[in-house]
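Read the structure below first, then the notes.
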Amino acid sequence: MMRTLNSIIAISVSLLTYSQSMLPLVQDTNINVNHHEISISGVGDYQSTSMGKDIIKSFFYGGVIDESMKLSSSNRHDEINRFGIDLNTEMVYNNHKINLFKDSLKGLVIKAGIYNFSSLIYSKDLFDMAFYGNDMFTGDTAYFTGSQFNSMTFQKVGIGWLNKKSKSSFTLNLIGVNNYLNGLINEGYLYQSQDVDSLEFLLSGEGVRSLESNYYKGFGLAVDIDYRFKMKKNEKDYVHFQLVLRNLGFAYLNNTENYLSNGEISVGSYQINDLINSETIFSNPDQVATDLSDTIITKGSLVMLPAMFQFTKLVDYNSSNQFQGFFGFRGYLNNAYVPMLFAGLDFKASKWCRLGAQTSYGGFSQLRWGMYSSFNFNHFNLGIASENLFNKSGESIIIKLSCAF
Amino acid sequence: MKIVNPCLNVCIILILLSVFFSCKKEVTRWETDWSIPFVTDTLNFYNFHNDSTLDNSTSSDYLVVFERELLDISLNDFFFIPDTTISQTFSPTIGIGSVPPGFTFYNEVEAHELSVPDVQLKKIIVSSGQIDLKVFNPIGTSAYYTLQMPGVVKDGLTLEHTFFINAGTTEIPAVANEQIVLDGYAIDLRGEDITGSVNVSGFNILQTSLSIMSDPNGEAVPITTSDVFEVEAKIKNLSIDYAQGYFGEQVFSDTSTFNIPILNQIVSGNIDLDEVPIDVEITNGTKIPFSTEISILENTNSFNTTISLNSALIGNPQLISPATGAWSTLTPSNHLIGLDNSNSNMTNYIENLGHTHSLGFEVKMNPFGAATGSFNEIFPNSELRIKLKSEFPLGLESNGLVIVDTVQVNLSSDIVENLIEAKEATLHIKAVNSFPISGNLSLQFLDNGGSVLYDINDIETIQSSLLGFMDNEENLMKNESVIEVFLNYEILNDFDLIKNVVLVAEFNTAPGIIQSIPSNAYLFFKSNLKVKTLNSIP
């Protein structure tokens with residue numbers, strides 16, 4: 001009976017180590033009684049300061065973007081706006097039985113995952129130009145300065161070790177890049193006279209995109225570090241913290257096209273549609289980049305991965321408190337991502353169920369509210385969470401399925 | 001044994017299929033509004049400001065100041081003195097045994113006639129010209145030849161030139177070449193009578209006097225009858241500043257054609273113009289009587305309708321008096337042939353809106369022949385000019401006056417493609433009318449061959465500027481109109497065929513009112529295509 005009970009507790013605890021970016025994170029200092037753990041997690045998260053999720057969903061699922069959708073989104077826009085997508089799925093295998101380096105506390109970690117991280121900083125005028133056309137800029141100037149776009153899709157396979165007690169881990173990963181695209185408009189504007197008979201288009205910017213048709217456009221190395229430590233709260237209790245660095249590394253792309261545009265283009269007004277065509281921007285960005293570039297150089301490029309770093313005060317699984325708070329901050333190596341602060345409350349509803357709610361501010365968005373729930377079964381755990389439930393400009397879903405044996 | 005319900009399998013398949021198809025993404029679609037410049041044009045009279053057609057500076061309303069020079073001839077056009085070679089020779093009739101040194105053995109004056117057909121020149125003043133002299137000496141001693149031209153005077157001195165020539169032989173005379181510049185010389189071409197006095201009735205006579213003296217330092221030589229002493233004088237490149245005489249009955253005639261391009265734009269309708277005079281102004285800066293006759297004045301409009309001006313003044317010669325004074329006091333005589341409604345069918349002539357006018361004229365010198373005497377005089381500043389002039393306020397009453405202009409369409413192929421696929425398109429027209437006349441605008445879309453593909457006639461009226469506002473900056477009344485014209489699918493589908501757009505403006509004034517046209521008035525027309533496109537991303 002005791003063995004069964006211990007097993008259930010151990011499985012539950014081990015499964016509650018949510019995927020690294022999922023809220024909340026819990027800490028368990030027990031030694032796992034199960035020798036093997038496999039967890040599969042998936043994260044789908046898009047956020048925006050301004051762009052409505054109705055528009056974004058139309059791009060994901062299709063459908064008509066009507067005038068009311070455009071208007072409500074346009075009204076939410078400030079001069080500078082952000083948008084980002086974080087999609088990833090990851091599989092982790094932990095072996096607690098093996099003693100690496102002849103250390104009984106060091107277990108084996110094997111990881112694999114695929115990640116897409118895309119970000120966009122853009123001006124309101126860029127949004128309006130793309131979704132309304134140039135008509136609304138008659139006699140006006142549309143500014144694009146500071147807009148930038150970054151997208152990277154990569155896969156990783158890693159191996160490392162973990163501390164069976166503290167759950168700290170280190171993984172060295174081999175990175176294979178599937179796609180890379182980066183662009184920055186240092187200075188850009190489009191002026192149209194009142195009668196649309198004169199046009200002044202300035203574009204000073206640069207861009208890089210991976211070129212090869214191979215499945216992998218380049219390779220690299222990255223490390224994942226999950227460092228956990230505790231601070232004494234009182235004689236009995238500790239406060240547990242976690243510092244995570246994920247995908248901290250780089251990749252070398254064998255063949256990239258580097259675009260450079262630097263200059264003012266005075267063109268006949270009749271060419272305005274050649275320059276700006278919202279459909280082309282979305283459907284054929286390569287063509288747009290080629291059309292607008294002064295110089296195109298093909299060469300190899302070394303690029304940084306969009307590493308994530310996160311510091312968290314963890315939920316102590318062994319605490320007798322039914323309610324526990326957690327907080328922390330998260331960041332990405334990405335210009336568009338503003339360091340995100342988060343805090344929440346964990347509620348232990350029953351032995352097999354935990355519920356929680358959190359709020360966050362920052363990231364690609366602003367204020368967000370989220371909830372999570374976790375259900376523990378024999379050898380299995382299912383966790384479902386969302387970091388963004390009520391926001392009109394983003395959605396988030398996190399699912400994790402784990403088993404221990 | 002496990003029994004599986006077949007319905008469960010079907011359900012599972014259906015669920016899988018629905019999951020599969022629900023994953024198929026729909027097309028993402030949204031509409032955007034693009035504004036593309038289409039056609040811009042200004043109908044105005046600016047092109048005619050520098051064409052001496054319209055005066056936009058004298059008054060607030062346009063004045064038609066039309067001036068065309070039909071004839072402008074000056075002294076050198078009246079007659080031309082060709083290069084003339086005169087020769088004076090001397091050969092003794094009897095042999096002279098021995099000519100001592102320093103002995104003048106020949107001194108004679110000869111008269112030569114200048115060949116100027118039908119012109120009797122009494123006197124000329126040379127502005128430029130020269131005489132190339134060639135002198136032959138057949139005797140065995142050097143000699144001095146002195147050429148004098150009686151009546152050729154500059155600064156009170158008669159032209160005289162002495163030059164030395166080496167000894168020659170009868171068979172091979174010595175040759176000397178000299179050049180005399182005639183610039184500024186006055187030449188009396190009347191010659192001398194038998195008494196040696198000036199022949200007052202003479203003309204075209206040039207005199208030379210040649211004397212030959214043996215070298216005072218030479219030897220005595222014999223002269224035989226075979227010796228020929230000769231001087232050749234080639235008068236060339238003679239240009240004159242002044243001429244007096246009788247210049248004959250020369251006739252200058254021409255039919256001049258001139259265009260009034262503004263009327264090219266007017267293709268139909270009628271206008272009633274205020275009083276329009278046409279003046280033919282003849283300025284005679286010569287002291288020669290002339291007669292002038294306008295033989296024809298007609299115009300042809302854009303429909304190839306030609307109308308002639310009928311007047312008693314046309315076809316009848318008018319006498320033109322000579323100028324008065326001389327040199328700096330020369331005062332040309334002016335003669336005006338004024339044509340207007342009182343002496344011609346001028347109104348009909350103008351209202352034919354002819355853009356090509358033809359005027360035939362004939363100018364005759366000395367219409368009464370030589371009876372006028374030999375007192376024709378031409379000075380350096382003498383000109384005979386004929387000008388056609390007209391000046392009147394541009395005021396008109398128009399009834400269906402149509403002005404057209406053709407503008408090329410320059411749309412890129414990408415835009416045309418977008419237009420063809422456009423969900424809808426409207427032509428957004430902004431018109432600014434500063435003419436005090438209302439107009440109806442229509443558009444014609446032409447293909448490459450100039451055929452009309454589509455007409456858009458149902459465009460709103462562009463109101464007269466009198467109903468608008470005063471623009472103090474331009475000092476013009478203006479009326480702005482914004483017009484939306486829906487382009488149907490047929491037009492959009494054929495946009496790749498459209499190469500030109502014809503703007504047609506039909507103007508109408510209130511009946512019976514002649515409306516003055518303000519200076520610098522214009523009708524500005526700008527159009528944008530407002531295109532709604534449906535963007536889709538699969």
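Within each chain, counting starts at residue 1; across the structure tokens, chains are named A, B, ... in the order shown, with ligands numbered 1 upward in that order.
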Exercise for review: Write out as a ChimeraX atom specification all residues of stretch 61-301 of chain B that DSSP puts in alpha helix (DSSP H) for this structure's backbone.
Suggested key: /B:75-78
Point to revise | Selection: 7 Å around stretch 335-344 of chain A, only C-alpha atoms, excl. self and same-chain fewer than 4 positions, as a list of chain:residue names | key: A:Arg82, A:Ser119, A:Leu120, A:Ile121, A:Gly325, A:Phe326, A:Phe327, A:Gly328, A:Phe329, A:Arg330, A:Gly331, A:Ala357, A:Gln358, A:Thr359, A:Ser360, A:Tyr361, A:Gly362, A:Gly363, A:Phe364
Exercise for review: Write out as number ranges by chain which residues come within 9 Å of A:Gln155 when counting only C-alpha atoms, dropping same-chain ones fewer than 5 positions away.
Suggested key: A: 112-116, 174-178
Store the residues picked out above in a file with N, CA, C and O atoms, as a CSV table (one decimal), in the first residue's frame.
```
chain,number,residue,atom,x,y,z
A,112,ALA,N,14.6,16.2,-27.7
A,112,ALA,CA,14.4,16.5,-29.1
A,112,ALA,C,13.3,17.5,-29.2
A,112,ALA,O,12.3,17.4,-28.3
A,113,GLY,N,13.3,18.3,-30.1
A,113,GLY,CA,12.3,19.3,-30.3
A,113,GLY,C,12.3,20.1,-31.6
A,113,GLY,O,13.3,20.0,-32.3
A,114,ILE,N,11.2,20.7,-31.9
A,114,ILE,CA,11.2,21.5,-33.1
A,114,ILE,C,10.5,22.9,-32.6
A,114,ILE,O,9.6,22.9,-31.8
A,115,TYR,N,11.1,24.0,-33.1
A,115,TYR,CA,10.7,25.3,-32.6
A,115,TYR,C,10.5,26.3,-33.8
A,115,TYR,O,11.3,26.2,-34.7
A,116,ASN,N,9.5,27.0,-33.6
A,116,ASN,CA,9.4,28.2,-34.5
A,116,ASN,C,9.2,29.4,-33.6
A,116,ASN,O,8.3,29.4,-32.7
A,174,LEU,N,22.4,19.6,-30.6
A,174,LEU,CA,22.8,19.8,-31.9
A,174,LEU,C,21.5,20.5,-32.6
A,174,LEU,O,20.4,20.0,-32.5
A,175,ILE,N,21.8,21.6,-33.3
A,175,ILE,CA,20.7,22.4,-33.9
A,175,ILE,C,20.7,22.2,-35.4
A,175,ILE,O,21.7,22.3,-36.0
A,176,GLY,N,19.5,21.9,-36.0
A,176,GLY,CA,19.4,22.0,-37.4
A,176,GLY,C,18.4,23.0,-37.8
A,176,GLY,O,17.2,23.0,-37.3
A,177,VAL,N,18.8,24.0,-38.6
A,177,VAL,CA,17.9,25.1,-38.9
A,177,VAL,C,17.1,24.8,-40.2
A,177,VAL,O,17.7,24.4,-41.2
A,178,ASN,N,15.8,24.9,-40.1
A,178,ASN,CA,14.9,24.7,-41.2
A,178,ASN,C,14.7,25.9,-42.1
A,178,ASN,O,14.5,25.9,-43.3
```
Review point. Can you list, as number ranges by chain, every protein, DNA or RNA residue that comes within 10 Å of A:Asn95 when you count only C-alpha atoms, leaving out same-chain residues fewer than 2 positions away?
Key: A: 32, 34-38, 92-93, 97-100, 106-110, 161-162, 164, 404
Could you turn the residues from that selection into a file that holds N, CA and C atoms, as a compact mmCIF listing (two decimals), in the first residue's frame?
```txt
# COMPACT_ATOMS: atom_id res chain seq x y z
N ASN A 32 13.28 10.42 -7.51
CA ASN A 32 12.26 9.70 -8.26
C ASN A 32 12.36 8.21 -8.00
N ASN A 34 10.57 6.19 -9.96
CA ASN A 34 10.53 5.62 -11.30
C ASN A 34 11.82 5.94 -12.02
N HIS A 35 12.24 5.01 -12.78
CA HIS A 35 13.54 5.18 -13.42
C HIS A 35 13.49 5.97 -14.71
N HIS A 36 12.34 5.97 -15.30
CA HIS A 36 12.26 6.60 -16.62
C HIS A 36 11.08 7.58 -16.67
N GLU A 37 11.29 8.66 -17.31
CA GLU A 37 10.21 9.62 -17.55
C GLU A 37 10.28 10.03 -19.03
N ILE A 38 9.11 10.10 -19.63
CA ILE A 38 9.04 10.66 -20.98
C ILE A 38 7.94 11.71 -20.97
N VAL A 92 11.17 15.02 -23.96
CA VAL A 92 12.31 14.88 -23.05
C VAL A 92 12.25 13.49 -22.41
N TYR A 93 13.38 12.87 -22.41
CA TYR A 93 13.49 11.57 -21.72
C TYR A 93 14.50 11.74 -20.59
N LYS A 97 17.74 6.14 -13.46
CA LYS A 97 18.39 4.92 -13.01
C LYS A 97 19.90 4.97 -13.24
N ILE A 98 20.22 5.53 -14.35
CA ILE A 98 21.62 5.57 -14.73
C ILE A 98 22.37 6.56 -13.84
N ASN A 99 23.59 6.25 -13.55
CA ASN A 99 24.41 7.16 -12.75
C ASN A 99 25.56 7.67 -13.63
N LEU A 100 25.39 8.85 -14.15
CA LEU A 100 26.41 9.39 -15.05
C LEU A 100 27.63 9.83 -14.25
N LYS A 106 23.41 11.96 -10.63
CA LYS A 106 23.37 12.44 -12.01
C LYS A 106 22.65 11.44 -12.90
N GLY A 107 21.52 11.88 -13.42
CA GLY A 107 20.78 11.06 -14.36
C GLY A 107 21.01 11.54 -15.79
N LEU A 108 20.44 10.81 -16.70
CA LEU A 108 20.63 11.11 -18.14
C LEU A 108 19.41 11.87 -18.67
N VAL A 109 19.68 12.84 -19.49
CA VAL A 109 18.61 13.58 -20.17
C VAL A 109 18.83 13.49 -21.67
N ILE A 110 17.78 13.14 -22.40
CA ILE A 110 17.82 13.16 -23.86
C ILE A 110 16.63 13.99 -24.34
N TRP A 161 22.80 15.78 -18.62
CA TRP A 161 22.59 15.12 -17.34
C TRP A 161 21.70 15.98 -16.45
N LEU A 162 21.15 15.33 -15.44
CA LEU A 162 20.30 16.04 -14.49
C LEU A 162 20.68 15.65 -13.08
N LYS A 164 19.37 14.39 -9.88
CA LYS A 164 18.14 13.66 -9.54
C LYS A 164 17.40 14.28 -8.37
N ALA A 404 5.65 8.06 -16.56
CA ALA A 404 6.82 7.59 -15.83
C ALA A 404 6.68 6.10 -15.61
```
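If only C-alpha atoms are the atoms counted, then among A:Leu367, A:Asp346, A:Gln47, A:Phe60 the closest residue to B:Glu26 is A:Phe60.
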Practice item. Identify, on the basis of only C-alpha atoms, every residue whose closest approach to B:Phe203 does not exceed 6 Å; exclude the query and any residue fewer than 4 positions from it along the same chain; express the result as a ChimeraX atom specification. Key: /B:120-122,189-190
Atoms to include: C-alpha atoms. Write the selected residues as an mmCIF file, in the first residue's frame.
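again_38.cif, written as the output of this step:
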```cif
data_model
loop_
_atom_site.group_PDB
_atom_site.id
_atom_site.type_symbol
_atom_site.label_atom_id
_atom_site.label_comp_id
_atom_site.auth_asym_id
_atom_site.auth_seq_id
_atom_site.Cartn_x
_atom_site.Cartn_y
_atom_site.Cartn_z
ATOM 1 C CA GLN B 120 18.462 102.082 -112.854
ATOM 2 C CA LEU B 121 20.901 102.886 -110.117
ATOM 3 C CA LYS B 122 22.087 106.468 -109.795
ATOM 4 C CA LEU B 189 26.657 105.696 -111.332
ATOM 5 C CA ARG B 190 25.418 108.426 -113.626
#
```
Point to revise | Counting only C-alpha atoms, the residue of B:Ser382, B:Pro82, B:Glu391, B:Val280 that sits nearest B:Thr329 | key: B:Ser382
